[in-house]
>>> print(open('run_37.cif').read())   # mmCIF, C-alpha atoms
data_start
#
loop_
_atom_site.label_atom_id
_atom_site.label_comp_id
_atom_site.auth_asym_id
_atom_site.auth_seq_id
_atom_site.Cartn_x
_atom_site.Cartn_y
_atom_site.Cartn_z
CA MET Q 1 -17.58 4.64 32.00
CA ARG Q 2 -18.37 1.47 30.06
CA LEU Q 3 -15.63 0.09 27.80
CA SER Q 4 -17.85 0.25 24.69
CA SER Q 5 -18.73 3.92 25.22
CA LEU Q 6 -15.07 4.73 25.88
CA ALA Q 7 -14.08 3.06 22.60
CA ASN Q 8 -16.79 5.01 20.82
CA ARG Q 9 -15.56 8.33 22.20
CA LEU Q 10 -11.88 7.64 21.61
CA PHE Q 11 -12.03 5.81 18.28
CA ASN Q 12 -15.50 6.64 16.88
CA VAL Q 13 -16.52 2.95 16.71
CA GLU Q 14 -20.10 1.77 17.18
CA LYS Q 15 -20.75 -1.31 19.33
CA GLN Q 16 -21.71 -3.73 16.54
CA GLU Q 17 -18.71 -2.62 14.45
CA ALA Q 18 -16.13 -3.58 17.10
CA PRO Q 19 -15.61 -7.23 15.91
CA ALA Q 20 -15.13 -6.09 12.31
CA VAL Q 21 -12.67 -3.37 13.32
CA LEU Q 22 -10.66 -5.88 15.37
CA ALA Q 23 -10.62 -8.32 12.43
CA GLY Q 24 -9.48 -5.53 10.08
CA LEU Q 25 -6.77 -4.49 12.52
CA LEU Q 26 -5.53 -8.08 12.80
CA MET Q 27 -5.65 -8.62 9.03
CA PHE Q 28 -3.45 -5.59 8.42
CA PHE Q 29 -1.18 -6.21 11.41
CA LEU Q 30 -0.23 -9.73 10.34
CA LEU Q 31 0.13 -8.75 6.67
CA PHE Q 32 2.39 -5.78 7.38
CA ALA Q 33 4.41 -7.43 10.17
CA GLY Q 34 5.30 -10.25 7.79
CA TYR Q 35 6.12 -7.85 4.96
CA PHE Q 36 8.16 -5.38 7.02
CA MET Q 37 10.29 -8.17 8.48
CA LEU Q 38 11.52 -8.69 4.93
CA ARG Q 39 11.56 -5.11 3.62
CA PRO Q 40 15.02 -4.07 4.96
CA VAL Q 41 16.47 -7.24 3.42
CA ARG Q 42 14.89 -6.35 0.07
CA GLU Q 43 16.29 -2.79 0.18
CA THR Q 44 19.79 -4.10 0.89
CA MET Q 45 19.48 -6.58 -2.00
CA GLY Q 46 18.46 -3.69 -4.25
CA LEU Q 47 21.60 -1.74 -3.35
CA ALA Q 48 23.78 -4.83 -3.87
CA GLY Q 49 23.23 -4.53 -7.62
CA GLY Q 50 24.25 -0.87 -7.67
CA VAL Q 51 22.16 2.30 -7.42
CA ARG Q 52 22.61 2.92 -11.16
CA ASN Q 53 20.82 -0.37 -11.90
CA LEU Q 54 17.74 0.22 -9.75
CA GLN Q 55 15.67 1.21 -12.79
CA TRP Q 56 16.17 -2.33 -14.16
CA LEU Q 57 14.70 -3.84 -10.98
CA PHE Q 58 11.77 -1.42 -11.24
CA THR Q 59 11.24 -2.44 -14.87
CA GLY Q 60 11.44 -6.12 -13.93
CA THR Q 61 8.84 -5.54 -11.22
CA PHE Q 62 6.51 -3.89 -13.75
CA VAL Q 63 6.88 -6.79 -16.20
CA ALA Q 64 6.22 -9.30 -13.42
CA THR Q 65 3.12 -7.33 -12.41
CA LEU Q 66 1.83 -7.48 -16.00
CA ALA Q 67 2.30 -11.25 -15.94
CA VAL Q 68 0.49 -11.71 -12.60
CA LEU Q 69 -2.51 -9.44 -13.26
CA PRO Q 70 -4.36 -11.73 -15.74
CA LEU Q 71 -4.03 -14.60 -13.26
CA PHE Q 72 -5.59 -12.50 -10.52
CA GLY Q 73 -8.26 -11.25 -12.95
CA TRP Q 74 -9.15 -14.85 -13.79
CA LEU Q 75 -9.42 -15.74 -10.10
CA ALA Q 76 -11.57 -12.67 -9.36
CA SER Q 77 -13.89 -13.58 -12.25
CA LYS Q 78 -14.39 -17.19 -11.17
CA ALA Q 79 -14.21 -17.20 -7.35
CA GLN Q 80 -16.82 -16.02 -4.86
CA ARG Q 81 -16.03 -12.49 -3.68
CA ARG Q 82 -15.47 -13.68 -0.12
CA ARG Q 83 -12.96 -16.31 -1.33
CA ILE Q 84 -10.71 -14.06 -3.45
CA LEU Q 85 -8.50 -12.90 -0.56
CA PRO Q 86 -7.90 -16.29 1.15
CA TRP Q 87 -7.12 -18.03 -2.13
CA THR Q 88 -4.70 -15.28 -3.22
CA TYR Q 89 -2.99 -15.18 0.17
CA GLY Q 90 -2.74 -18.98 0.15
CA PHE Q 91 -0.91 -18.86 -3.18
CA PHE Q 92 1.57 -16.27 -1.88
CA THR Q 93 2.09 -18.28 1.31
CA LEU Q 94 3.32 -21.17 -0.83
CA ASN Q 95 5.58 -18.73 -2.73
CA LEU Q 96 7.15 -17.56 0.52
CA LEU Q 97 7.85 -21.13 1.60
CA ALA Q 98 9.47 -21.82 -1.79
CA PHE Q 99 11.74 -18.77 -1.44
CA ALA Q 100 12.59 -19.85 2.12
CA ALA Q 101 13.74 -23.21 0.75
CA GLY Q 102 15.69 -21.52 -2.06
CA MET Q 103 17.55 -19.18 0.32
CA ALA Q 104 18.34 -22.03 2.69
CA TRP Q 105 19.75 -24.03 -0.23
CA GLN Q 106 21.65 -21.19 -2.01
CA PRO Q 107 21.84 -18.20 0.35
CA ASP Q 108 24.34 -16.21 -1.79
CA ASN Q 109 22.80 -16.75 -5.21
CA PRO Q 110 22.41 -13.26 -6.83
CA TRP Q 111 19.57 -14.39 -9.07
CA VAL Q 112 17.58 -15.64 -6.09
CA ALA Q 113 18.14 -12.21 -4.50
CA ARG Q 114 16.98 -10.35 -7.64
CA ALA Q 115 13.97 -12.63 -8.04
CA PHE Q 116 13.05 -12.08 -4.40
CA TYR Q 117 13.35 -8.28 -4.75
CA ILE Q 118 10.96 -8.30 -7.72
CA TRP Q 119 8.62 -10.88 -6.17
CA LEU Q 120 8.33 -8.99 -2.87
CA SER Q 121 7.57 -5.76 -4.75
CA VAL Q 122 4.70 -7.47 -6.62
CA PHE Q 123 3.52 -9.30 -3.50
CA ASN Q 124 3.44 -6.05 -1.53
CA MET Q 125 1.22 -4.22 -4.01
CA LEU Q 126 -1.19 -7.06 -4.73
CA THR Q 127 -1.82 -8.28 -1.18
CA ILE Q 128 -2.23 -4.79 0.30
CA SER Q 129 -4.52 -3.72 -2.54
CA LEU Q 130 -6.65 -6.82 -2.02
CA ALA Q 131 -6.94 -6.20 1.74
CA TRP Q 132 -8.23 -2.70 1.02
CA SER Q 133 -10.63 -4.09 -1.61
CA VAL Q 134 -12.20 -6.24 1.09
CA LEU Q 135 -12.64 -3.21 3.36
CA ALA Q 136 -14.17 -1.14 0.54
CA ASP Q 137 -16.54 -4.06 -0.14
CA VAL Q 138 -17.50 -4.69 3.49
CA PHE Q 139 -17.98 -1.11 4.76
CA SER Q 140 -20.16 1.75 3.55
CA SER Q 141 -18.74 5.15 2.62
CA ALA Q 142 -19.88 6.68 5.92
CA GLN Q 143 -18.29 3.83 7.89
CA ALA Q 144 -15.10 4.14 5.85
CA LYS Q 145 -14.59 7.75 6.92
CA ARG Q 146 -14.77 6.73 10.57
CA LEU Q 147 -13.07 3.33 10.51
CA PHE Q 148 -10.57 2.98 7.65
CA ALA Q 149 -7.76 4.87 9.35
CA LEU Q 150 -8.33 2.96 12.59
CA MET Q 151 -8.00 -0.39 10.83
CA ALA Q 152 -5.03 0.95 8.86
CA ALA Q 153 -3.40 1.49 12.26
CA GLY Q 154 -3.05 -2.30 12.26
CA ALA Q 155 -0.77 -1.84 9.25
CA SER Q 156 1.34 0.69 11.15
CA LEU Q 157 1.50 -1.61 14.19
CA GLY Q 158 2.63 -4.41 11.90
CA GLY Q 159 5.08 -2.09 10.18
CA LEU Q 160 6.47 -1.22 13.59
CA ALA Q 161 6.65 -4.80 14.86
CA GLY Q 162 8.04 -6.24 11.61
CA PRO Q 163 11.45 -4.48 11.61
CA VAL Q 164 11.85 -5.21 15.34
CA LEU Q 165 11.09 -8.91 14.83
CA GLY Q 166 13.36 -9.02 11.79
CA THR Q 167 16.24 -7.45 13.70
CA LEU Q 168 15.84 -9.81 16.65
CA LEU Q 169 15.21 -13.01 14.69
CA VAL Q 170 17.43 -12.74 11.61
CA GLY Q 171 20.40 -14.01 13.68
CA PRO Q 172 18.86 -17.22 15.05
CA LEU Q 173 16.49 -17.89 12.12
CA GLY Q 174 18.40 -16.53 9.11
CA HIS Q 175 16.70 -15.13 6.01
CA SER Q 176 14.97 -18.41 5.21
CA GLY Q 177 13.52 -18.60 8.72
CA LEU Q 178 12.16 -15.05 8.44
CA LEU Q 179 10.43 -15.99 5.18
CA ALA Q 180 8.81 -19.05 6.81
CA LEU Q 181 7.59 -16.92 9.72
CA SER Q 182 6.22 -14.34 7.27
CA ALA Q 183 4.32 -17.12 5.48
CA LEU Q 184 2.68 -18.09 8.77
CA MET Q 185 1.63 -14.48 9.39
CA LEU Q 186 0.17 -14.18 5.89
CA ALA Q 187 -1.96 -17.27 6.49
CA GLY Q 188 -3.23 -15.70 9.72
CA SER Q 189 -4.08 -12.50 7.82
CA ALA Q 190 -6.23 -14.56 5.44
CA VAL Q 191 -8.17 -16.00 8.40
CA ALA Q 192 -8.83 -12.47 9.71
CA GLY Q 193 -10.07 -11.48 6.25
CA LEU Q 194 -12.55 -14.34 6.32
CA ALA Q 195 -13.78 -13.12 9.72
CA LEU Q 196 -14.50 -9.70 8.19
CA GLN Q 197 -16.60 -11.31 5.46
CA ARG Q 198 -18.55 -13.36 8.02
CA TRP Q 199 -19.28 -10.20 10.03
CA ARG Q 200 -20.76 -8.47 6.99
CA ASN Q 201 -22.90 -11.52 6.22
CA LEU Q 202 -24.28 -11.32 9.78
CA HIS Q 203 -24.88 -7.55 9.41
CA PRO Q 204 -25.99 -7.08 5.79
CA ARG Q 205 -26.65 -3.59 4.41
CA ALA Q 206 -29.30 -4.99 2.04
CA PRO Q 207 -31.53 -8.11 2.26
CA ASP Q 208 -29.88 -9.86 -0.72
CA GLU Q 209 -26.31 -8.84 0.06
CA ALA Q 210 -25.16 -12.20 1.47
CA CYS Q 211 -26.38 -13.96 -1.68
CA ALA Q 212 -24.59 -11.45 -3.92
CA ARG Q 213 -21.34 -11.84 -1.98
CA SER Q 214 -21.41 -15.61 -2.52
CA GLN Q 215 -21.47 -15.14 -6.32
CA PRO Q 216 -18.40 -14.71 -8.58
CA LEU Q 217 -17.83 -11.25 -10.04
CA GLY Q 218 -17.85 -12.62 -13.59
CA GLY Q 219 -16.30 -10.84 -16.55
CA ASN Q 220 -12.91 -11.63 -18.05
CA PRO Q 221 -9.35 -11.40 -16.66
CA PHE Q 222 -8.83 -7.98 -18.28
CA SER Q 223 -12.14 -6.32 -17.35
CA GLY Q 224 -10.46 -4.33 -14.56
CA ALA Q 225 -8.27 -2.53 -17.08
CA THR Q 226 -11.13 -1.82 -19.48
CA ALA Q 227 -13.29 -0.52 -16.61
CA VAL Q 228 -10.58 2.05 -15.75
CA PHE Q 229 -10.39 3.38 -19.30
CA ARG Q 230 -14.20 3.68 -19.50
CA SER Q 231 -14.58 5.70 -16.28
CA PRO Q 232 -13.32 9.30 -15.89
CA TYR Q 233 -13.48 8.82 -12.11
CA LEU Q 234 -11.26 5.72 -12.18
CA LEU Q 235 -8.92 7.42 -14.66
CA GLY Q 236 -8.61 10.24 -12.13
CA ILE Q 237 -7.63 7.73 -9.43
CA ALA Q 238 -5.12 6.15 -11.85
CA THR Q 239 -3.60 9.59 -12.49
CA PHE Q 240 -3.37 10.18 -8.74
CA VAL Q 241 -1.53 6.87 -8.33
CA ILE Q 242 0.91 7.66 -11.18
CA LEU Q 243 1.77 11.03 -9.64
CA LEU Q 244 2.13 9.41 -6.19
CA ALA Q 245 4.44 6.75 -7.66
CA THR Q 246 6.50 9.41 -9.45
CA ALA Q 247 7.06 11.42 -6.27
CA ASN Q 248 7.88 8.26 -4.33
CA THR Q 249 10.33 6.99 -6.98
CA PHE Q 250 12.20 10.29 -7.18
CA LEU Q 251 12.62 10.22 -3.38
CA TYR Q 252 13.46 6.49 -3.36
CA PHE Q 253 16.30 6.94 -5.86
CA GLU Q 254 17.62 9.91 -3.91
CA GLN Q 255 17.43 7.84 -0.72
CA ALA Q 256 19.42 5.02 -2.35
CA ARG Q 257 22.08 7.48 -3.58
CA LEU Q 258 22.51 9.25 -0.25
CA VAL Q 259 22.40 6.05 1.87
CA GLU Q 260 25.04 4.43 -0.35
CA ALA Q 261 27.26 7.53 -0.09
CA THR Q 262 26.76 8.03 3.65
CA PHE Q 263 26.71 4.39 4.87
CA PRO Q 264 28.97 2.16 2.72
CA ASP Q 265 28.58 -0.85 5.04
CA LYS Q 266 25.63 -3.13 4.13
CA VAL Q 267 24.79 -3.86 7.78
CA GLN Q 268 24.56 -0.11 8.44
CA GLN Q 269 22.36 0.29 5.38
CA THR Q 270 19.92 -2.33 6.65
CA GLN Q 271 19.92 -0.69 10.11
CA VAL Q 272 19.21 2.74 8.59
CA PHE Q 273 16.29 1.40 6.56
CA GLY Q 274 14.95 -0.34 9.68
CA ILE Q 275 15.20 2.81 11.82
CA ILE Q 276 13.38 4.86 9.18
CA ASP Q 277 10.62 2.20 9.10
CA ILE Q 278 10.23 2.34 12.89
CA VAL Q 279 9.98 6.15 13.01
CA VAL Q 280 7.54 6.21 10.07
CA GLN Q 281 5.20 3.62 11.56
CA SER Q 282 5.23 5.28 15.01
CA LEU Q 283 4.15 8.64 13.57
CA ALA Q 284 1.58 7.05 11.28
CA LEU Q 285 0.13 5.03 14.15
CA LEU Q 286 -0.58 8.06 16.34
CA THR Q 287 -2.19 9.91 13.43
CA GLN Q 288 -4.33 6.94 12.36
CA PHE Q 289 -5.64 6.24 15.86
CA PHE Q 290 -6.68 9.76 16.80
CA LEU Q 291 -6.77 12.14 13.81
CA THR Q 292 -7.38 10.64 10.35
CA GLY Q 293 -10.95 9.41 10.88
CA ARG Q 294 -12.06 12.69 12.43
CA ILE Q 295 -10.40 14.71 9.65
CA ALA Q 296 -12.17 12.64 6.99
CA GLN Q 297 -15.54 12.82 8.76
CA ARG Q 298 -15.44 16.57 9.41
CA LEU Q 299 -13.36 17.99 6.53
CA GLY Q 300 -13.85 15.36 3.82
CA VAL Q 301 -11.62 13.09 1.77
CA SER Q 302 -10.07 15.98 -0.18
CA VAL Q 303 -8.01 17.09 2.83
CA LEU Q 304 -6.51 13.60 3.16
CA LEU Q 305 -5.55 13.58 -0.52
CA VAL Q 306 -4.10 17.11 -0.75
CA ALA Q 307 -2.18 17.72 2.48
CA VAL Q 308 0.72 15.30 1.92
CA PRO Q 309 1.42 16.26 -1.74
CA LEU Q 310 1.71 19.92 -0.72
CA VAL Q 311 4.15 19.04 2.07
CA ILE Q 312 6.18 16.85 -0.30
CA ALA Q 313 6.37 19.68 -2.84
CA ALA Q 314 8.01 21.77 -0.14
CA GLY Q 315 10.24 18.81 0.79
CA PHE Q 316 11.54 18.53 -2.78
CA LEU Q 317 12.46 22.22 -2.73
CA TRP Q 318 14.28 21.71 0.56
CA LEU Q 319 16.25 18.82 -0.92
CA ALA Q 320 17.11 20.92 -3.96
CA LEU Q 321 18.68 23.50 -1.64
CA ALA Q 322 20.27 20.98 0.78
CA PRO Q 323 20.81 17.53 -0.85
CA VAL Q 324 22.12 15.78 2.28
CA PHE Q 325 21.01 12.61 4.09
CA ALA Q 326 19.63 14.41 7.19
CA VAL Q 327 17.19 16.43 5.05
CA LEU Q 328 16.30 13.36 2.98
CA ALA Q 329 15.54 11.37 6.15
CA VAL Q 330 13.09 14.04 7.38
CA VAL Q 331 11.34 14.26 4.00
CA MET Q 332 11.12 10.46 3.65
CA VAL Q 333 9.69 10.04 7.14
CA VAL Q 334 7.08 12.75 6.54
CA ARG Q 335 6.21 11.39 3.10
CA ARG Q 336 5.79 7.78 4.20
CA ALA Q 337 4.04 8.53 7.50
CA GLY Q 338 1.68 10.90 5.69
CA GLU Q 339 1.00 8.35 2.99
CA TYR Q 340 0.13 5.61 5.49
CA ALA Q 341 -1.91 7.84 7.80
CA LEU Q 342 -3.67 10.19 5.35
CA VAL Q 343 -3.19 9.44 1.66
CA ARG Q 344 -3.77 5.67 1.71
CA PRO Q 345 -6.99 5.74 3.78
CA GLY Q 346 -8.24 8.67 1.69
CA ARG Q 347 -7.40 6.89 -1.54
CA GLU Q 348 -9.23 3.76 -0.44
CA MET Q 349 -12.32 5.77 0.55
CA LEU Q 350 -12.62 6.72 -3.13
CA TYR Q 351 -13.60 3.11 -3.92
CA THR Q 352 -16.51 2.84 -1.49
CA SER Q 353 -18.82 4.47 -4.06
CA VAL Q 354 -18.07 2.17 -7.04
CA SER Q 355 -19.35 -1.26 -8.09
CA PRO Q 356 -18.05 -4.55 -6.59
CA GLU Q 357 -16.23 -5.46 -9.82
CA GLN Q 358 -14.47 -2.09 -9.81
CA LYS Q 359 -13.58 -2.50 -6.12
CA TYR Q 360 -11.70 -5.73 -6.84
CA LYS Q 361 -10.63 -5.75 -10.50
CA ALA Q 362 -10.25 -2.08 -11.50
CA LYS Q 363 -8.78 -1.18 -8.12
CA ASN Q 364 -6.26 -4.00 -8.35
CA PHE Q 365 -5.27 -2.94 -11.87
CA ILE Q 366 -4.64 0.61 -10.64
CA ASP Q 367 -2.80 -0.47 -7.48
CA THR Q 368 -0.50 -2.91 -9.29
CA VAL Q 369 -0.04 -2.32 -13.03
CA VAL Q 370 -0.62 1.44 -12.99
CA TYR Q 371 1.46 1.95 -9.82
CA ARG Q 372 4.35 -0.25 -10.94
CA GLY Q 373 4.17 1.23 -14.45
CA GLY Q 374 4.50 4.67 -12.87
CA ASP Q 375 7.45 3.35 -10.86
CA ALA Q 376 9.20 1.98 -13.95
CA VAL Q 377 8.69 5.04 -16.16
CA SER Q 378 9.57 7.55 -13.44
CA GLY Q 379 12.66 5.47 -12.54
CA TRP Q 380 14.00 5.88 -16.08
CA VAL Q 381 12.98 9.57 -16.09
CA LYS Q 382 14.88 10.17 -12.84
CA HIS Q 383 17.89 8.29 -14.21
CA GLY Q 384 17.81 10.35 -17.42
CA ILE Q 385 17.49 13.66 -15.57
CA ASP Q 386 20.46 12.80 -13.36
CA LEU Q 387 22.57 11.85 -16.41
CA LEU Q 388 21.70 15.06 -18.28
CA ALA Q 389 21.87 17.43 -15.34
CA GLY Q 390 24.81 15.85 -13.53
CA GLN Q 391 23.37 16.85 -10.14
CA PRO Q 392 20.24 15.96 -8.13
CA THR Q 393 18.92 19.54 -7.82
CA VAL Q 394 17.15 19.54 -11.19
CA ALA Q 395 15.32 16.26 -10.43
CA MET Q 396 14.19 17.64 -7.05
CA LEU Q 397 12.75 20.80 -8.69
CA ILE Q 398 10.88 18.69 -11.25
CA GLY Q 399 9.66 16.44 -8.42
CA SER Q 400 8.22 19.50 -6.69
CA LEU Q 401 6.19 20.35 -9.81
CA PHE Q 402 4.88 16.76 -10.00
CA ALA Q 403 3.83 16.99 -6.33
CA LEU Q 404 1.85 20.19 -6.96
CA VAL Q 405 -0.01 18.55 -9.86
CA TRP Q 406 -0.60 15.56 -7.57
CA ALA Q 407 -2.22 17.86 -4.98
CA GLY Q 408 -4.52 19.41 -7.61
CA ASN Q 409 -5.58 15.97 -8.82
CA GLY Q 410 -6.35 14.94 -5.23
CA LEU Q 411 -8.57 17.97 -4.75
CA LEU Q 412 -10.61 17.12 -7.87
CA LEU Q 413 -10.93 13.47 -6.83
CA GLY Q 414 -12.21 14.41 -3.38
CA ARG Q 415 -14.93 16.55 -4.95
CA SER Q 416 -15.91 13.76 -7.36
CA GLN Q 417 -16.13 11.25 -4.51
CA ARG Q 418 -18.43 13.58 -2.59
CA ARG Q 419 -20.78 13.82 -5.59
CA LEU Q 420 -20.83 10.02 -6.05
CA GLU Q 421 -21.50 9.53 -2.35
CA ALA Q 422 -24.42 11.97 -2.47
CA ARG Q 423 -25.89 10.16 -5.48
CA SER Q 424 -25.56 6.81 -3.74
CA GLU Q 425 -27.31 8.13 -0.63
CA ASP Q 426 -30.11 9.61 -2.77
CA GLY Q 427 -30.54 6.27 -4.55
CA ALA Q 428 -30.67 4.38 -1.24
CA SER Q 429 -33.34 6.69 0.09
#
>>> encode(input="run_37.cif", output="structure tokens")
Amino acid sequence: MRLSSLANRLFNVEKQEAPAVLAGLLMFFLLFAGYFMLRPVRETMGLAGGVRNLQWLFTGTFVATLAVLPLFGWLASKAQRRRILPWTYGFFTLNLLAFAAGMAWQPDNPWVARAFYIWLSVFNMLTISLAWSVLADVFSSAQAKRLFALMAAGASLGGLAGPVLGTLLVGPLGHSGLLALSALMLAGSAVAGLALQRWRNLHPRAPDEACARSQPLGGNPFSGATAVFRSPYLLGIATFVILLATANTFLYFEQARLVEATFPDKVQQTQVFGIIDIVVQSLALLTQFFLTGRIAQRLGVSVLLVAVPLVIAAGFLWLALAPVFAVLAVVMVVRRAGEYALVRPGREMLYTSVSPEQKYKAKNFIDTVVYRGGDAVSGWVKHGIDLLAGQPTVAMLIGSLFALVWAGNGLLLGRSQRRLEARSEDGAS
């Protein structure tokens, strides 16, 4: 059997799509490997300030996101669409090198640690959102259902390699060395993103597409936000993201509380976070390679958006009955693996049927400001519930209700996406 036909049968990839899929895999692999090398360090820095102060770090992250968004909006308005990702990644590469120098100079400075925690949280959301914007711009809706999960497997591979590399290299390189290595990987991810754009220019979906892609998006730095408030469909996606962030934040705070109580040593804490990352990425990888694309193609996007929230609703109930670390670890692994393998590809497929400006600007507004705003608000809500109730059970029951609403919202979004896709196909014909 020829290699190309084997790849088509195993991964549902057509021959001419193979270079683009490989570029997408590499783009995500390098981005996530660099990020996940640093993630356990960030989590440990977050605990260093005390679990009761996490809501302040979440609020600081939201404020920093608000400050960064107009700068990105300005760049997206002025730069060619194919240049937005490399220019943004280049800026963050310089940031990483600056933090590497700062940690080498003052490794124990608490303000450098807090700044890095907030910066990495903003960097994570913006760079990953932008990578998905490029995929939504380059591939059609039909291609997205087949290929998005496969390319997202590059993220899981990177998420698997990152903690391993961090564990092996933090001794000889130190934190500053890990940051410098992450900067190198981010630059490589930008090169892979450029390769994706070149592939689409060589295989245009419309005769004038290459010309359109070489033009700036136009508009103003805040047009992404205004586009969201003008579109019921985008408002639905924003609501989905808020509910996702709320469920994640409730679990994140519970994870911090139980890890601090169960593993008082900071080295053990970092090891626990690293082990959870490895298990999550392994499960997500298997699902992305062999299941997600086929589920989306045969059952639709709705299944990807609904399955995980329903499981998490049950997980919250389990935690309410048994608030111990072992149960939390299972729920966190299922939640994160399901988000990477099902929810994230499904969520990104929603953008394949909107305009280029919405794919870059509105999507970025939702993925950064809306998500981090949901983080900040739900962080204070969780803190308030814990203070009033005096035990985590009440917060877990409320989290279960949020997860059920999240599932209902996902079902409605999947149906809306199907209608938009049908209209787009009718217009093309």
>>> closest_residue(input="run_37.cif", among="Q:Ser416, Q:Ser121, Q:Thr59, Q:Ser182", to="Leu30 of chain Q", atoms="all atoms listed in the file")
Q:Ser182
>>> residues_near_point(input="run_37.cif", point="(5.4, -10.0, 2.7)", cutoff="10 Å", atoms="all atoms listed in the file", output="mmCIF file with C-alpha atoms, in the coordinates of the input")
data_model
loop_
_atom_site.group_PDB
_atom_site.id
_atom_site.type_symbol
_atom_site.label_atom_id
_atom_site.label_comp_id
_atom_site.auth_asym_id
_atom_site.auth_seq_id
_atom_site.Cartn_x
_atom_site.Cartn_y
_atom_site.Cartn_z
ATOM 1 C CA LEU Q 30 -0.230 -9.730 10.340
ATOM 2 C CA LEU Q 31 0.130 -8.750 6.670
ATOM 3 C CA PHE Q 32 2.390 -5.780 7.380
ATOM 4 C CA ALA Q 33 4.410 -7.430 10.170
ATOM 5 C CA GLY Q 34 5.300 -10.250 7.790
ATOM 6 C CA TYR Q 35 6.120 -7.850 4.960
ATOM 7 C CA PHE Q 36 8.160 -5.380 7.020
ATOM 8 C CA MET Q 37 10.290 -8.170 8.480
ATOM 9 C CA LEU Q 38 11.520 -8.690 4.930
ATOM 10 C CA ARG Q 39 11.560 -5.110 3.620
ATOM 11 C CA PHE Q 92 1.570 -16.270 -1.880
ATOM 12 C CA THR Q 93 2.090 -18.280 1.310
ATOM 13 C CA LEU Q 96 7.150 -17.560 0.520
ATOM 14 C CA TRP Q 119 8.620 -10.880 -6.170
ATOM 15 C CA LEU Q 120 8.330 -8.990 -2.870
ATOM 16 C CA SER Q 121 7.570 -5.760 -4.750
ATOM 17 C CA VAL Q 122 4.700 -7.470 -6.620
ATOM 18 C CA PHE Q 123 3.520 -9.300 -3.500
ATOM 19 C CA ASN Q 124 3.440 -6.050 -1.530
ATOM 20 C CA MET Q 125 1.220 -4.220 -4.010
ATOM 21 C CA THR Q 127 -1.820 -8.280 -1.180
ATOM 22 C CA ILE Q 128 -2.230 -4.790 0.300
ATOM 23 C CA LEU Q 179 10.430 -15.990 5.180
ATOM 24 C CA SER Q 182 6.220 -14.340 7.270
ATOM 25 C CA ALA Q 183 4.320 -17.120 5.480
ATOM 26 C CA MET Q 185 1.630 -14.480 9.390
ATOM 27 C CA LEU Q 186 0.170 -14.180 5.890
#
>>> resolve_selection(input="run_37.cif", expression="the PyMOL selection byres ((chain Q and resi 255) around 10)", output="PyMOL selection string")
chain Q and resi 51+249-254+256-261+273+324-325+328-329+332
>>> write_last_selection(input="run_37.cif", atoms="C-alpha atoms", output="PDB file, in the frame of the given file")
ATOM      1  CA  VAL Q  51      22.160   2.300  -7.420  1.00  0.00           C
ATOM      2  CA  THR Q 249      10.330   6.990  -6.980  1.00  0.00           C
ATOM      3  CA  PHE Q 250      12.200  10.290  -7.180  1.00  0.00           C
ATOM      4  CA  LEU Q 251      12.620  10.220  -3.380  1.00  0.00           C
ATOM      5  CA  TYR Q 252      13.460   6.490  -3.360  1.00  0.00           C
ATOM      6  CA  PHE Q 253      16.300   6.940  -5.860  1.00  0.00           C
ATOM      7  CA  GLU Q 254      17.620   9.910  -3.910  1.00  0.00           C
ATOM      8  CA  ALA Q 256      19.420   5.020  -2.350  1.00  0.00           C
ATOM      9  CA  ARG Q 257      22.080   7.480  -3.580  1.00  0.00           C
ATOM     10  CA  LEU Q 258      22.510   9.250  -0.250  1.00  0.00           C
ATOM     11  CA  VAL Q 259      22.400   6.050   1.870  1.00  0.00           C
ATOM     12  CA  GLU Q 260      25.040   4.430  -0.350  1.00  0.00           C
ATOM     13  CA  ALA Q 261      27.260   7.530  -0.090  1.00  0.00           C
ATOM     14  CA  PHE Q 273      16.290   1.400   6.560  1.00  0.00           C
ATOM     15  CA  VAL Q 324      22.120  15.780   2.280  1.00  0.00           C
ATOM     16  CA  PHE Q 325      21.010  12.610   4.090  1.00  0.00           C
ATOM     17  CA  LEU Q 328      16.300  13.360   2.980  1.00  0.00           C
ATOM     18  CA  ALA Q 329      15.540  11.370   6.150  1.00  0.00           C
ATOM     19  CA  MET Q 332      11.120  10.460   3.650  1.00  0.00           C
TER      20      MET Q 332
END
>>> axis_aligned_box(input="run_37.cif", around="segment 234-240 of chain Q", padding_each_side="5 Å", output="JSON")
{"center_x": -7.3, "center_y": 8.0, "center_z": -11.7, "size_x": 17.9, "size_y": 14.5, "size_z": 15.9}
>>> resolve_selection(input="run_37.cif", expression="the PyMOL selection byres ((chain Q and resi 23) around 7)", output="list in words")
Pro19, Ala20, Val21, Leu22, Gly24, Leu25, Leu26, Met27, Ala192, Gly193, Ala195 and Leu196 of chain Q
>>> atom_distance(input="run_37.cif", atom1="atom CA of Val303 of chain Q", atom2="atom CA of Gly410 of chain Q")
8.5 Å
>>> residues_around(input="run_37.cif", residues="Ala155 of chain Q", least_positions_apart="3", cutoff="7 Å", atoms="all atoms listed in the file", output="PyMOL selection string")
chain Q and resi 28-29+32+152+158-159
>>> residues_around(input="run_37.cif", residues="Phe240 of chain Q", least_positions_apart="2", cutoff="7 Å", atoms="only C-alpha atoms", output="ChimeraX atom specification")
/Q:236-238,242-244,406,409-410
>>> closest_residue(input="run_37.cif", among="Q:Pro345, Q:Gly73, Q:Pro323, Q:Gly224", to="Ala144 of chain Q", atoms="all atoms listed in the file")
Q:Pro345
>>> residues_around(input="run_37.cif", residues="Gly346 of chain Q", least_positions_apart="2", cutoff="8 Å", atoms="all atoms listed in the file", output="ChimeraX atom specification")
/Q:296,301-302,304-305,342-344,348-350
